[in-house]
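Okay, coords_27.tsv now, which holds TSV, C-alpha atoms:
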```tsv
chain	number	residue	atom	x	y	z
W	1	MET	CA	0.00	0.00	0.00
W	2	SER	CA	1.36	3.40	-0.92
W	3	GLU	CA	2.46	6.05	1.51
W	4	THR	CA	-0.43	8.28	0.47
W	5	LEU	CA	-2.99	5.72	1.57
W	6	ALA	CA	-1.19	4.80	4.78
W	7	ARG	CA	-0.72	8.29	6.10
W	8	ARG	CA	-3.46	9.57	8.36
W	9	ALA	CA	-5.12	12.93	7.96
W	10	PRO	CA	-3.58	15.76	10.03
W	11	ARG	CA	-5.29	16.33	13.37
W	12	VAL	CA	-6.90	19.65	14.21
W	13	GLY	CA	-4.43	21.97	15.89
W	14	THR	CA	-1.32	20.57	14.22
W	15	PRO	CA	1.08	22.85	12.28
W	16	ALA	CA	-0.01	21.20	9.02
W	17	VAL	CA	-3.62	22.25	9.60
W	18	TYR	CA	-2.63	25.82	10.43
W	19	ALA	CA	-0.36	25.99	7.38
W	20	GLY	CA	-3.17	24.70	5.17
W	21	ALA	CA	-5.64	27.23	6.58
W	22	ALA	CA	-3.15	30.06	6.04
W	23	ALA	CA	-2.47	28.94	2.47
W	24	GLY	CA	-6.20	28.79	1.78
W	25	LEU	CA	-6.70	32.30	3.12
W	26	VAL	CA	-3.86	33.63	0.96
W	27	LEU	CA	-5.35	32.01	-2.14
W	28	LEU	CA	-8.73	33.61	-1.41
W	29	VAL	CA	-7.35	37.16	-1.19
W	30	LEU	CA	-4.89	36.97	-4.11
W	31	PRO	CA	-7.35	38.36	-6.72
W	32	PHE	CA	-7.47	41.60	-4.75
W	33	TYR	CA	-3.72	42.17	-5.11
W	34	LEU	CA	-2.28	40.33	-8.11
W	35	ASP	CA	-2.37	41.57	-11.68
W	36	ARG	CA	-3.99	39.73	-14.57
W	37	PHE	CA	-0.82	37.88	-15.65
W	38	TRP	CA	-0.30	36.12	-12.32
W	39	LEU	CA	-3.97	35.30	-11.90
W	40	GLN	CA	-4.08	33.81	-15.37
W	41	ALA	CA	-0.91	31.83	-14.66
W	42	GLY	CA	-2.49	30.57	-11.46
W	43	LEU	CA	-5.60	29.45	-13.34
W	44	PHE	CA	-3.45	27.56	-15.85
W	45	ALA	CA	-1.78	25.88	-12.88
W	46	MET	CA	-5.16	24.91	-11.39
W	47	ALA	CA	-6.30	23.39	-14.68
W	48	ALA	CA	-3.00	21.52	-14.99
W	49	ALA	CA	-3.34	20.24	-11.42
W	50	ILE	CA	-6.86	18.92	-12.08
W	51	GLY	CA	-5.68	17.10	-15.19
W	52	ALA	CA	-2.62	15.77	-13.35
W	53	ILE	CA	-4.81	14.31	-10.60
W	54	GLY	CA	-6.72	12.41	-13.27
W	55	ILE	CA	-3.69	10.87	-14.94
W	56	ASN	CA	-2.16	10.15	-11.54
W	57	LEU	CA	-5.16	8.00	-10.66
W	58	LEU	CA	-4.54	6.04	-13.84
W	59	THR	CA	-0.74	5.89	-13.97
W	60	GLY	CA	0.37	6.48	-10.39
W	61	ALA	CA	-2.29	4.54	-8.51
W	62	THR	CA	-3.25	1.85	-11.04
W	63	GLY	CA	-0.03	1.51	-13.03
W	64	GLN	CA	-1.57	2.16	-16.45
W	65	LEU	CA	0.50	4.24	-18.88
W	66	SER	CA	-1.50	6.71	-20.97
W	67	MET	CA	-0.13	8.95	-23.70
W	68	GLY	CA	-3.53	10.25	-24.79
W	69	HIS	CA	-4.43	12.58	-21.92
W	70	ALA	CA	-4.36	15.64	-24.18
W	71	PHE	CA	-7.08	14.08	-26.34
W	72	PHE	CA	-9.54	14.10	-23.46
W	73	LEU	CA	-8.63	17.69	-22.55
W	74	ALA	CA	-9.50	18.59	-26.14
W	75	VAL	CA	-12.82	16.73	-25.88
W	76	GLY	CA	-13.69	18.74	-22.77
W	77	ALA	CA	-12.61	22.09	-24.22
W	78	TYR	CA	-14.23	21.72	-27.65
W	79	GLY	CA	-17.20	19.89	-26.21
W	80	TYR	CA	-17.96	22.91	-24.02
W	81	CYS	CA	-17.61	25.28	-27.00
W	82	ALA	CA	-19.93	23.21	-29.18
W	83	LEU	CA	-22.53	22.74	-26.47
W	84	ALA	CA	-22.52	26.35	-25.23
W	85	GLY	CA	-22.02	28.07	-28.60
W	86	ASP	CA	-25.06	29.65	-30.20
W	87	GLY	CA	-23.91	29.37	-33.81
W	88	THR	CA	-23.57	33.12	-34.42
W	89	ASP	CA	-19.90	32.64	-35.34
W	90	GLY	CA	-20.84	30.25	-38.14
W	91	LEU	CA	-19.74	27.19	-36.19
W	92	ALA	CA	-21.86	24.38	-34.78
W	93	GLY	CA	-23.41	25.09	-31.40
W	94	LEU	CA	-26.41	23.97	-29.35
W	95	GLY	CA	-26.74	27.15	-27.29
W	96	LEU	CA	-27.06	25.37	-23.94
W	97	PRO	CA	-26.59	27.26	-20.65
W	98	GLY	CA	-22.91	27.48	-19.77
W	99	TRP	CA	-23.11	25.44	-16.57
W	100	LEU	CA	-24.98	22.64	-18.32
W	101	ALA	CA	-22.56	22.70	-21.24
W	102	ALA	CA	-19.63	22.36	-18.82
W	103	VAL	CA	-21.20	19.38	-17.05
W	104	LEU	CA	-22.04	17.70	-20.35
W	105	ALA	CA	-18.55	18.37	-21.70
W	106	VAL	CA	-17.04	16.53	-18.72
W	107	ALA	CA	-19.53	13.70	-19.27
W	108	LEU	CA	-18.61	13.67	-22.96
W	109	SER	CA	-14.94	13.20	-22.03
W	110	GLY	CA	-15.96	10.33	-19.78
W	111	LEU	CA	-17.99	8.84	-22.64
W	112	ALA	CA	-14.97	9.08	-24.93
W	113	GLY	CA	-12.93	7.34	-22.25
W	114	GLY	CA	-15.66	4.73	-21.93
W	115	VAL	CA	-15.49	3.97	-25.65
W	116	PHE	CA	-11.75	3.33	-25.28
W	117	SER	CA	-12.03	1.63	-21.87
W	118	PRO	CA	-12.37	-1.97	-23.16
W	119	ILE	CA	-8.91	-1.55	-24.67
W	120	ALA	CA	-7.61	0.17	-21.54
W	121	GLY	CA	-8.97	-2.66	-19.40
W	122	ARG	CA	-7.14	-5.38	-21.32
W	123	LEU	CA	-3.82	-3.73	-22.18
W	124	ARG	CA	-1.11	-2.59	-19.82
W	125	GLY	CA	2.29	-0.97	-19.79
W	126	ALA	CA	3.88	0.22	-23.02
W	127	TYR	CA	1.16	-1.45	-25.10
W	128	LEU	CA	-1.53	0.74	-23.58
W	129	GLY	CA	0.72	3.78	-23.99
W	130	ILE	CA	1.09	3.08	-27.71
W	131	ALA	CA	-2.64	2.45	-28.08
W	132	THR	CA	-3.54	5.73	-26.38
W	133	LEU	CA	-0.99	7.53	-28.55
W	134	ALA	CA	-3.31	6.83	-31.47
W	135	LEU	CA	-5.91	9.05	-29.78
W	136	ILE	CA	-3.60	12.05	-30.19
W	137	PHE	CA	-3.26	11.49	-33.93
W	138	ILE	CA	-6.99	10.95	-34.37
W	139	GLY	CA	-7.80	13.99	-32.25
W	140	GLN	CA	-5.39	16.27	-34.12
W	141	HIS	CA	-6.83	15.17	-37.47
W	142	VAL	CA	-10.38	15.89	-36.34
W	143	LEU	CA	-9.52	19.22	-34.72
W	144	PHE	CA	-7.76	20.52	-37.83
W	145	ASN	CA	-10.25	19.23	-40.40
W	146	ALA	CA	-13.72	19.37	-38.78
W	147	HIS	CA	-13.91	23.09	-39.45
W	148	ASP	CA	-17.64	23.48	-38.83
W	149	LEU	CA	-17.21	22.06	-35.33
W	150	THR	CA	-13.72	23.14	-34.23
W	151	GLY	CA	-12.96	26.18	-36.37
W	152	GLY	CA	-9.99	24.44	-37.95
W	153	TYR	CA	-6.46	25.74	-37.50
W	154	ASN	CA	-7.58	29.06	-35.97
W	155	GLY	CA	-9.80	27.37	-33.38
W	156	ARG	CA	-13.00	28.88	-32.05
W	157	ALA	CA	-14.00	31.43	-29.44
W	158	VAL	CA	-15.12	30.12	-26.06
W	159	PRO	CA	-18.56	31.24	-24.82
W	160	PRO	CA	-18.41	32.67	-21.28
W	161	LEU	CA	-19.74	30.57	-18.45
W	162	SER	CA	-22.80	31.72	-16.51
W	163	LEU	CA	-23.50	30.29	-13.08
W	164	PHE	CA	-26.08	31.46	-10.49
W	165	GLY	CA	-26.60	34.68	-12.44
W	166	LEU	CA	-22.88	35.48	-12.54
W	167	THR	CA	-21.20	35.60	-15.96
W	168	PHE	CA	-17.48	34.82	-16.00
W	169	ASP	CA	-16.50	37.39	-18.61
W	170	ASP	CA	-14.65	40.71	-18.63
W	171	THR	CA	-17.70	42.68	-17.55
W	172	GLU	CA	-16.39	44.42	-14.43
W	173	LEU	CA	-17.89	43.56	-11.07
W	174	LEU	CA	-16.88	45.68	-8.07
W	175	VAL	CA	-15.95	43.66	-4.99
W	176	ALA	CA	-14.68	45.74	-2.05
W	177	GLN	CA	-13.97	48.53	-4.56
W	178	VAL	CA	-11.77	46.18	-6.62
W	179	PRO	CA	-12.90	45.60	-10.23
W	180	PHE	CA	-13.28	41.89	-10.94
W	181	GLY	CA	-12.94	40.78	-14.56
W	182	ALA	CA	-12.95	37.31	-16.09
W	183	VAL	CA	-9.76	36.01	-14.47
W	184	GLU	CA	-10.73	37.25	-11.00
W	185	LYS	CA	-14.12	35.54	-11.22
W	186	LEU	CA	-12.65	32.37	-12.69
W	187	TRP	CA	-10.06	32.26	-9.91
W	188	TYR	CA	-12.64	31.26	-7.33
W	189	LEU	CA	-14.30	28.83	-9.71
W	190	GLY	CA	-10.90	27.23	-10.36
W	191	LEU	CA	-10.20	26.95	-6.63
W	192	ALA	CA	-13.55	25.27	-6.05
W	193	LEU	CA	-13.03	22.80	-8.89
W	194	LEU	CA	-9.50	21.98	-7.76
W	195	LEU	CA	-10.57	21.48	-4.16
W	196	GLY	CA	-13.43	19.23	-5.25
W	197	GLY	CA	-11.11	17.25	-7.51
W	198	VAL	CA	-8.53	16.78	-4.75
W	199	LEU	CA	-11.11	15.68	-2.17
W	200	PHE	CA	-12.82	13.26	-4.53
W	201	ALA	CA	-9.53	11.67	-5.59
W	202	ARG	CA	-8.47	11.45	-1.95
W	203	GLY	CA	-11.69	9.66	-1.09
W	204	VAL	CA	-11.18	7.21	-3.96
W	205	LEU	CA	-7.57	6.48	-3.02
W	206	ARG	CA	-8.30	6.01	0.68
W	207	GLY	CA	-11.30	3.78	0.15
W	208	ARG	CA	-11.73	0.26	-1.16
W	209	PRO	CA	-11.31	1.31	-4.82
W	210	GLY	CA	-7.94	2.87	-3.99
W	211	ARG	CA	-6.73	-0.26	-2.24
W	212	ALA	CA	-7.83	-2.34	-5.21
W	213	MET	CA	-6.09	0.03	-7.63
W	214	ASN	CA	-2.84	-0.22	-5.70
W	215	ALA	CA	-3.14	-4.00	-5.58
W	216	ILE	CA	-3.50	-4.10	-9.36
W	217	ARG	CA	-0.51	-1.81	-9.79
W	218	ASP	CA	1.77	-3.77	-7.48
W	219	HIS	CA	0.60	-7.38	-7.93
W	220	ARG	CA	-1.82	-7.76	-10.82
W	221	ILE	CA	-2.07	-11.54	-10.74
W	222	ALA	CA	-2.47	-11.67	-6.96
W	223	ALA	CA	-5.19	-9.00	-7.19
W	224	GLY	CA	-7.10	-11.16	-9.65
W	225	VAL	CA	-6.74	-14.20	-7.41
W	226	MET	CA	-8.19	-12.18	-4.50
W	227	GLY	CA	-11.31	-11.52	-6.58
W	228	ILE	CA	-10.57	-7.97	-7.78
W	229	PRO	CA	-12.06	-7.47	-11.28
W	230	VAL	CA	-8.79	-6.27	-12.83
W	231	ALA	CA	-9.97	-5.45	-16.35
W	232	ARG	CA	-13.21	-3.81	-15.19
W	233	LEU	CA	-11.48	-1.65	-12.57
W	234	ARG	CA	-8.81	-0.57	-15.03
W	235	ALA	CA	-11.51	0.47	-17.47
W	236	ALA	CA	-13.40	2.38	-14.75
W	237	VAL	CA	-10.28	4.27	-13.68
W	238	PHE	CA	-9.59	5.15	-17.31
W	239	VAL	CA	-13.06	6.69	-17.58
W	240	LEU	CA	-12.55	8.63	-14.32
W	241	SER	CA	-9.17	9.89	-15.52
W	242	SER	CA	-10.80	11.02	-18.78
W	243	MET	CA	-13.42	13.00	-16.87
W	244	TYR	CA	-10.74	14.78	-14.85
W	245	ALA	CA	-9.02	15.65	-18.13
W	246	GLY	CA	-12.31	16.92	-19.56
W	247	LEU	CA	-12.83	19.17	-16.53
W	248	ALA	CA	-9.30	20.53	-16.93
W	249	GLY	CA	-10.03	21.15	-20.62
W	250	VAL	CA	-13.19	23.12	-19.82
W	251	LEU	CA	-11.31	25.32	-17.33
W	252	LEU	CA	-8.45	25.84	-19.79
W	253	ALA	CA	-10.91	26.89	-22.49
W	254	LEU	CA	-12.57	29.41	-20.17
W	255	VAL	CA	-9.19	30.90	-19.25
W	256	PHE	CA	-7.77	30.98	-22.80
W	257	GLN	CA	-11.10	32.25	-24.19
W	258	ARG	CA	-10.13	30.55	-27.46
W	259	THR	CA	-9.41	26.91	-28.25
W	260	VAL	CA	-6.49	26.15	-30.58
W	261	PRO	CA	-5.97	22.61	-31.96
W	262	GLU	CA	-2.19	22.79	-31.90
W	263	TYR	CA	-2.19	23.11	-28.10
W	264	PHE	CA	-3.75	19.67	-27.58
W	265	GLY	CA	-0.89	17.68	-29.07
W	266	MET	CA	1.58	15.09	-27.95
W	267	ALA	CA	3.72	17.64	-26.10
W	268	LEU	CA	0.81	18.32	-23.72
W	269	SER	CA	0.45	14.61	-22.90
W	270	LEU	CA	4.18	14.39	-22.19
W	271	GLU	CA	3.91	17.40	-19.90
W	272	TYR	CA	1.23	15.65	-17.86
W	273	LEU	CA	3.43	12.59	-17.47
W	274	ALA	CA	6.24	14.90	-16.33
W	275	MET	CA	3.87	16.48	-13.78
W	276	ILE	CA	3.06	13.24	-12.01
W	277	VAL	CA	6.66	11.99	-12.06
W	278	ILE	CA	7.98	15.23	-10.59
W	279	GLY	CA	5.14	15.51	-8.08
W	280	GLY	CA	5.11	11.86	-7.08
W	281	LEU	CA	3.33	8.83	-8.50
W	282	GLY	CA	0.30	7.80	-6.48
W	283	SER	CA	0.04	11.06	-4.53
W	284	GLY	CA	-2.79	13.53	-5.04
W	285	ALA	CA	-0.83	16.34	-3.42
W	286	GLY	CA	2.15	15.41	-5.56
W	287	ALA	CA	0.04	15.67	-8.71
W	288	VAL	CA	-1.01	19.19	-7.71
W	289	ALA	CA	2.60	20.19	-6.94
W	290	GLY	CA	3.86	18.74	-10.22
W	291	GLY	CA	1.07	20.42	-12.19
W	292	VAL	CA	1.84	23.79	-10.65
W	293	PHE	CA	5.58	23.41	-11.27
W	294	VAL	CA	5.37	22.35	-14.91
W	295	SER	CA	2.63	24.82	-15.87
W	296	LEU	CA	4.11	27.87	-14.11
W	297	LEU	CA	7.71	27.37	-15.18
W	298	PRO	CA	7.38	28.52	-18.84
W	299	GLN	CA	5.23	31.48	-17.83
W	300	VAL	CA	7.69	32.65	-15.19
W	301	LEU	CA	10.57	32.28	-17.65
W	302	ASN	CA	8.62	34.24	-20.25
W	303	ARG	CA	7.84	36.97	-17.72
W	304	TYR	CA	11.46	37.41	-16.65
W	305	SER	CA	13.24	36.40	-19.87
W	306	ASP	CA	14.96	39.81	-20.09
W	307	ALA	CA	16.66	39.28	-16.73
W	308	LEU	CA	17.66	35.63	-17.21
W	309	PRO	CA	20.86	34.53	-18.98
W	310	LEU	CA	20.49	32.56	-22.23
W	311	VAL	CA	16.68	32.97	-22.16
W	312	SER	CA	15.21	35.42	-24.66
W	313	ALA	CA	12.32	35.92	-27.03
W	314	PRO	CA	12.10	33.52	-30.00
W	315	GLY	CA	14.27	34.58	-32.97
W	316	THR	CA	16.65	36.74	-30.92
W	317	GLY	CA	19.48	34.23	-30.61
W	318	GLY	CA	18.77	32.83	-27.15
W	319	ILE	CA	16.66	29.97	-25.88
W	320	ALA	CA	12.93	30.62	-26.02
W	321	PRO	CA	11.18	30.52	-22.61
W	322	GLY	CA	9.00	27.55	-23.56
W	323	GLU	CA	11.99	25.59	-24.80
W	324	ALA	CA	14.00	26.45	-21.70
W	325	ALA	CA	11.12	25.29	-19.52
W	326	ARG	CA	11.09	21.90	-21.27
W	327	TYR	CA	14.82	21.54	-20.64
W	328	LEU	CA	14.36	22.36	-16.97
W	329	TYR	CA	11.46	20.09	-16.17
W	330	GLY	CA	13.07	17.37	-18.27
W	331	ALA	CA	16.11	17.68	-16.02
W	332	ALA	CA	13.76	17.65	-13.03
W	333	VAL	CA	12.27	14.34	-14.20
W	334	VAL	CA	15.75	12.80	-14.45
W	335	ALA	CA	16.71	14.16	-11.02
W	336	VAL	CA	13.53	12.79	-9.43
W	337	VAL	CA	13.96	9.34	-10.98
W	338	LEU	CA	17.62	9.12	-9.90
W	339	PHE	CA	17.68	10.84	-6.54
W	340	LEU	CA	14.13	11.29	-5.24
W	341	PRO	CA	11.82	8.35	-6.03
W	342	GLY	CA	8.39	9.48	-4.92
W	343	GLY	CA	8.87	13.05	-6.17
W	344	LEU	CA	8.04	16.28	-4.38
W	345	ALA	CA	5.39	14.51	-2.27
W	346	ARG	CA	8.05	12.27	-0.71
W	347	LEU	CA	10.31	15.28	-0.08
W	348	ALA	CA	7.51	17.16	1.69
W	349	ALA	CA	6.61	14.08	3.74
W	350	ARG	CA	10.04	13.63	5.27
W	351	ARG	CA	10.24	14.09	9.03
W	352	PRO	CA	13.16	14.28	11.44
W	353	GLY	CA	14.18	10.79	12.50
W	354	ARG	CA	13.09	9.14	9.27
W	355	SER	CA	15.55	7.21	7.20
W	356	ARG	CA	17.31	8.64	4.18
W	357	GLY	CA	14.76	7.08	1.86
W	358	GLY	CA	11.94	8.94	3.63
W	359	THR	CA	10.57	5.93	5.53
W	360	SER	CA	10.49	4.93	9.13
W	361	PRO	CA	11.57	1.45	10.29
W	362	LYS	CA	8.27	1.19	12.18
W	363	ASN	CA	6.18	2.28	9.25
W	364	PRO	CA	7.73	1.14	5.98
W	365	THR	CA	6.18	2.49	2.83
W	366	HIS	CA	6.08	1.28	-0.72
W	367	THR	CA	7.20	3.23	-3.75
W	368	PRO	CA	4.93	2.62	-6.74
W	369	THR	CA	6.44	0.16	-9.16
W	370	THR	CA	6.85	0.88	-12.82
W	371	THR	CA	4.33	-0.43	-15.27
W	372	GLU	CA	5.12	-3.78	-16.85
W	373	PRO	CA	5.68	-3.67	-20.64
W	374	SER	CA	3.25	-6.41	-21.46
W	375	GLY	CA	0.09	-6.28	-23.53
W	376	GLU	CA	-1.53	-9.53	-22.52
W	377	ALA	CA	-5.09	-9.42	-21.22
W	378	ARG	CA	-6.13	-10.70	-17.84
```
So that I can check it, write out the structure of this file as structure tokens.
Amino acid sequence: MSETLARRAPRVGTPAVYAGAAAGLVLLVLPFYLDRFWLQAGLFAMAAAIGAIGINLLTGATGQLSMGHAFFLAVGAYGYCALAGDGTDGLAGLGLPGWLAAVLAVALSGLAGGVFSPIAGRLRGAYLGIATLALIFIGQHVLFNAHDLTGGYNGRAVPPLSLFGLTFDDTELLVAQVPFGAVEKLWYLGLALLLGGVLFARGVLRGRPGRAMNAIRDHRIAAGVMGIPVARLRAAVFVLSSMYAGLAGVLLALVFQRTVPEYFGMALSLEYLAMIVIGGLGSGAGAVAGGVFVSLLPQVLNRYSDALPLVSAPGTGGIAPGEAARYLYGAAVVAVVLFLPGGLARLAARRPGRSRGGTSPKNPTHTPTTTEPSGEAR
């Protein structure tokens, strides 16, 4: 059983609880003080964290390698646009209320995952990774060529979300004499979605499904002997992971305010794998930390490219911020694999008196094993 499942929740009055409460309070007041760039960067980080939680349930907790996570983000993003669009831009749209379109877009991502789930339930390791890679190629072809639905290469505008009479657009809303635009309003929506995603994943991992998922990851044959429906549970987790990706795609679309097919390519799927490796396989908190790190790094480099050596705008002779970010989190993946198995979550969990590997002799923990490169069905 993984360290995430074995560790008990912090008790009221402990430093961890106070630190969490203080962090939550800071996050709530940030829209009153930060400018649009940092709020938008934070929203990208929230969307990345939600998507990372989804793929961590599949890869970190169940041991299933997926290279097609970006496909399901695209389904969520474009699904919301098609369901909420009213057709005035010449593209297909049903004109549904924004909140309903968002819910249905997440369900549509889950449906897409369900269509693929029989394959996900019977393949494992590198074979599943190669199979899901086909989703990226199919998705890119559809996004670039189904012009009436996706807008083609230029993408399509994203209709603003309306919820409880509040529209998440740039129409200013005064809150304590501070004008709130789209990013300020979306900030609180993103926090709520991220908190809900974290708590739901935590409940899954700490309950019977989580124990079964870890059993499949660590000892697939033994899990089947114990009566765990291996193929069915793998398929169910794949659907759940797809829904998390769809939710992240909806939030990304609302923040970007325009969907672009090129964004939902193979590089995005690789970034999500980097997030969960850096953050820590099998850890919900690690997925959030990895998502924040990988998503914020290129934006911070872009913001301060003038002050950083070797980093400059594209075409000026230096390394572009996005390219430099890939080098850095690529190096972070190598460093984590070699020197810190368990990622940032293991580093944060270390306590005085624990062994060098981050475990206590009285409470040994298990580091998630790598997926087995075999494609045989159960």
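Picture a line from atom CA of Arg346 of chain W to atom CA of Ala235 of chain W; it runs 28.3 Å.
Using all atoms listed in the file, the smallest distance between any of W:Gly129, W:Leu83, W:Leu163, W:Leu301 and Tyr327 of chain W comes from W:Leu301.
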Could you pull the residues within 10 Å of Ser295 of chain W, counting all atoms listed in the file, minus those fewer than 3 positions along the same chain, as JSON, numbers by chain? {"W": [41, 42, 43, 44, 45, 46, 47, 48, 49, 271, 272, 275, 290, 291, 292, 298, 299, 300, 325]}
Excluding Thr59 of chain W and residues on its chain fewer than 3 positions from it, collect all residues at most 9 Å away from it, counting all atoms listed in the file, and give them as a list in words.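 Skipping anything fewer than 3 positions along the chain leaves Gly54, Ile55, Asn56, Thr62, Gly63, Gln64, Leu65, Ser66, Arg217, Leu273, Ile276, Leu281, Gly282 and Thr371 of chain W.
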Selection file, C-alpha atoms, as a PDB file, keeping the file's coordinate frame:
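Written out: part.pdb:
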```pdb
ATOM      1  CA  GLY W  54      -6.720  12.410 -13.270  1.00  0.00           C
ATOM      2  CA  ILE W  55      -3.690  10.870 -14.940  1.00  0.00           C
ATOM      3  CA  ASN W  56      -2.160  10.150 -11.540  1.00  0.00           C
ATOM      4  CA  THR W  62      -3.250   1.850 -11.040  1.00  0.00           C
ATOM      5  CA  GLY W  63      -0.030   1.510 -13.030  1.00  0.00           C
ATOM      6  CA  GLN W  64      -1.570   2.160 -16.450  1.00  0.00           C
ATOM      7  CA  LEU W  65       0.500   4.240 -18.880  1.00  0.00           C
ATOM      8  CA  SER W  66      -1.500   6.710 -20.970  1.00  0.00           C
ATOM      9  CA  ARG W 217      -0.510  -1.810  -9.790  1.00  0.00           C
ATOM     10  CA  LEU W 273       3.430  12.590 -17.470  1.00  0.00           C
ATOM     11  CA  ILE W 276       3.060  13.240 -12.010  1.00  0.00           C
ATOM     12  CA  LEU W 281       3.330   8.830  -8.500  1.00  0.00           C
ATOM     13  CA  GLY W 282       0.300   7.800  -6.480  1.00  0.00           C
ATOM     14  CA  THR W 371       4.330  -0.430 -15.270  1.00  0.00           C
TER      15      THR W 371
END
```
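The space between atom CA of Pro118 of chain W and atom CA of Pro229 of chain W spans 13.1 Å.
Between atom CA of Arg234 of chain W and atom CA of Gly121 of chain W the separation is 4.8 Å.
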I'd like the contact shell of Leu193 of chain W - 12 Å cut-off, all atoms listed in the file, skipping same-chain residues fewer than 2 positions apart - returned as a PyMOL selection string. chain W and resi 43+46-51+53+102+186-191+195-200+244+247-248+250-251
Under the rule that all atoms listed in the file are counted, which of W:Gly330, W:Gly227, W:Pro321, W:Gly79 is the nearest residue to Ala92 of chain W?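 For Ala92 of chain W, the nearest of the candidates is W:Gly79.
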Counting only C-alpha atoms, the option among W:Pro97, W:Gly24, W:Pro31, W:Gly224 closest to Glu184 of chain W: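 So, comparing all the options, the nearest one is W:Pro31.
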Centre, edges in Å (one decimal): axis-aligned box, segment 211-220 of chain W, 5 Å padding on all six sides, as AutoDock Vina command-line options:
```
--center_x -3.0 --center_y -3.9 --center_z -6.5 --size_x 19.6 --size_y 17.8 --size_z 18.6
```
Just give me the residues with any atom within 12 Å of (-15.9, 43.4, -18.4), file coordinates, counting only C-alpha atoms, written as a VMD selection string. chain W and resid 160 167 to 174 179 to 185
List the spatial neighbours of His141 of chain W as an MDAnalysis selection string - criterion: any atom at most 12 Å away, all atoms listed in the file, same-chain residues fewer than 3 positions off excluded. chainID W and resid 71 134:138 144:147 150 152:153 261:262 264:265
Please build the interface table for segment 218-297 of chain W against segment 335-343 of chain W with a cut-off of 8 Å, listing for each qualifying residue the nearest atom pair and the distance in Å to one decimal; count only C-alpha atoms, order rows by chain and increasing number, and write it as JSON lines.
```
{"residue": "W:Val277", "atom": "CA", "partner": "W:Gly343", "partner_atom": "CA", "distance": 6.4}
{"residue": "W:Ile278", "atom": "CA", "partner": "W:Gly343", "partner_atom": "CA", "distance": 5.0}
{"residue": "W:Gly279", "atom": "CA", "partner": "W:Gly343", "partner_atom": "CA", "distance": 4.9}
{"residue": "W:Gly280", "atom": "CA", "partner": "W:Gly343", "partner_atom": "CA", "distance": 4.0}
{"residue": "W:Leu281", "atom": "CA", "partner": "W:Gly342", "partner_atom": "CA", "distance": 6.2}
{"residue": "W:Gly286", "atom": "CA", "partner": "W:Gly343", "partner_atom": "CA", "distance": 7.1}
```
